[in-house]
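Chemist: The structure's right below; bear with me while I get my questions together.
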Amino acid sequence: MPTITYHHSDGSVDEIDVVPGTSVMRGAVAGGISGIVGECGGQAICATCHVYVRPEYLPALPPPSDDEEEMLEETAAPRDPERSRLGCQLKTGPRLERIVVDVPEEQ
Ligand code: FES
């Protein structure tokens, strides 16, 4: 079962197990994890699911689509050119059994 770990700016950490196919955003919303809003429900049109992916997990991710790139220019917290992604576009599965992200201070 895939695992998603969320590190918060206050130092707290949430770790949840999810069914394969669950996105980083859906896992947070369903798991009651604060700091990820997911206002548009995963349509890549709100940027309230912005996360910073820990570098060791970046190679397992597909590159951002043009739509995701566009929304990453609209994040409330500063964009990190290497690590910023939309959590709704990061889906767990066989190629992504584990992912660790830092949750921005604001969305
Ligand atoms: S949930 Fe809206 S962009 Fe990800």
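Chains: A, B, ... in order of the structure tokens. Residues: from 1 per chain. Ligands: from 1, in order shown.
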If the limit is 7 Å from any atom of ligand 1, counting only C-alpha atoms and all ligand atoms, which residues qualify? Return them as an MDAnalysis selection string.
Modeler: chainID A and resid 25 38:49 86:89
Chemist: Those residues with N, CA and C atoms, as a short mmCIF file (atom, residue, chain, number, x, y, z; two decimals), in the first residue's frame please?
Modeler:
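Writing done, so here's result.cif:
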```cif
data_model
loop_
_atom_site.label_atom_id
_atom_site.label_comp_id
_atom_site.auth_asym_id
_atom_site.auth_seq_id
_atom_site.Cartn_x
_atom_site.Cartn_y
_atom_site.Cartn_z
N MET A 25 -2.88 15.23 -3.07
CA MET A 25 -3.95 16.13 -2.62
C MET A 25 -5.10 15.33 -2.01
N GLY A 38 -7.09 21.81 -1.93
CA GLY A 38 -7.69 21.06 -3.04
C GLY A 38 -9.02 21.63 -3.50
N GLU A 39 -9.08 22.95 -3.57
CA GLU A 39 -10.33 23.65 -3.87
C GLU A 39 -11.02 23.21 -5.17
N CYS A 40 -10.26 22.93 -6.21
CA CYS A 40 -10.89 22.59 -7.51
C CYS A 40 -11.12 21.09 -7.66
N GLY A 41 -10.80 20.33 -6.64
CA GLY A 41 -11.06 18.89 -6.70
C GLY A 41 -10.10 18.12 -7.57
N GLY A 42 -9.00 18.74 -7.94
CA GLY A 42 -7.98 18.01 -8.71
C GLY A 42 -7.96 18.33 -10.19
N GLN A 43 -8.55 19.46 -10.57
CA GLN A 43 -8.62 19.85 -11.98
C GLN A 43 -7.42 20.68 -12.44
N ALA A 44 -6.48 20.90 -11.56
CA ALA A 44 -5.29 21.71 -11.87
C ALA A 44 -5.66 23.14 -12.24
N ILE A 45 -6.67 23.69 -11.54
CA ILE A 45 -7.04 25.07 -11.83
C ILE A 45 -7.12 25.96 -10.58
N CYS A 46 -6.59 25.49 -9.44
CA CYS A 46 -6.67 26.34 -8.24
C CYS A 46 -5.33 26.54 -7.54
N ALA A 47 -4.42 25.61 -7.68
CA ALA A 47 -3.09 25.69 -7.05
C ALA A 47 -3.14 25.67 -5.52
N THR A 48 -4.25 25.21 -4.93
CA THR A 48 -4.31 25.14 -3.46
C THR A 48 -3.85 23.77 -2.93
N CYS A 49 -3.18 23.04 -3.80
CA CYS A 49 -2.62 21.73 -3.40
C CYS A 49 -1.10 21.74 -3.61
N LEU A 86 1.92 20.36 -8.13
CA LEU A 86 0.54 20.33 -7.66
C LEU A 86 0.26 18.93 -7.12
N GLY A 87 -0.16 18.87 -5.86
CA GLY A 87 -0.39 17.56 -5.24
C GLY A 87 -1.46 16.73 -5.94
N CYS A 88 -2.38 17.41 -6.62
CA CYS A 88 -3.45 16.66 -7.30
C CYS A 88 -2.94 15.94 -8.54
N GLN A 89 -1.77 16.32 -9.01
CA GLN A 89 -1.23 15.70 -10.22
C GLN A 89 -0.23 14.60 -9.89
#
```
Chemist: Please build the interface table for segment 50-95 of chain A against segment 10-20 of chain A with a cut-off of 12 Å, listing for each qualifying residue the nearest atom pair and the distance in Å to one decimal; count only C-alpha atoms, order rows by chain and increasing number, and write it as CSV.
Modeler:
```
residue,atom,partner,partner_atom,distance
A:Leu90,CA,A:Pro20,CA,11.5
A:Lys91,CA,A:Pro20,CA,7.9
A:Thr92,CA,A:Pro20,CA,5.4
A:Gly93,CA,A:Pro20,CA,4.6
A:Pro94,CA,A:Pro20,CA,7.5
A:Arg95,CA,A:Pro20,CA,10.0
```
Chemist: Report, in Å to a single decimal, how far apart atom CA of Tyr6 of chain A and atom CA of Ala28 of chain A are.
Modeler: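 Separation between atom CA of Ala28 of chain A and atom CA of Tyr6 of chain A: 8.3 Å.
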Chemist: Which residues, written as a list of chain:residue names, have at least one atom at most 12 Å from Pro55 of chain A, with only C-alpha atoms counted and residues fewer than 5 positions away on the same chain left out?
Modeler: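 Using only C-alpha atoms, the neighbours found are A:Ala60, A:Leu61, A:Asp80, A:Pro81, A:Glu82, A:Arg83, A:Ser84, A:Arg85, A:Ile99, A:Val100, A:Val101, A:Asp102.
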Chemist: DSSP on the backbone, then: every residue of chain A marked alpha helix (DSSP H), written as a list in words.
Modeler: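 These are the residues in question: Val24, Met25, Arg26, Gly27, Ala28, Val29, Ala30, Asp66, Asp67, Glu68, Glu69, Glu70, Met71 and Leu72 of chain A.
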Chemist: Which of these residues is nearest to Thr5 of chain A, using only C-alpha atoms: A:Gly32, A:Val24, A:Arg79, A:Asp66?
Modeler: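 Between A:Gly32, A:Val24, A:Arg79, A:Asp66, the residue approaching Thr5 of chain A most closely is A:Val24.
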Chemist: Enumerate, as a list in words, the complete set of residues in chain A that a backbone-based DSSP assignment places in strand (DSSP E or B).
Modeler: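 The strand (DSSP E or B) subset of chain A is Thr3, Ile4, Thr5, Tyr6, His7, Val13, Asp14, Glu15, Ile16, Asp17, Ser23, His50, Val51, Tyr52, Val53, Ser84, Arg85, Leu86, Lys91, Gly93, Leu96, Arg98, Ile99, Val100, Val101 and Asp102 of chain A.
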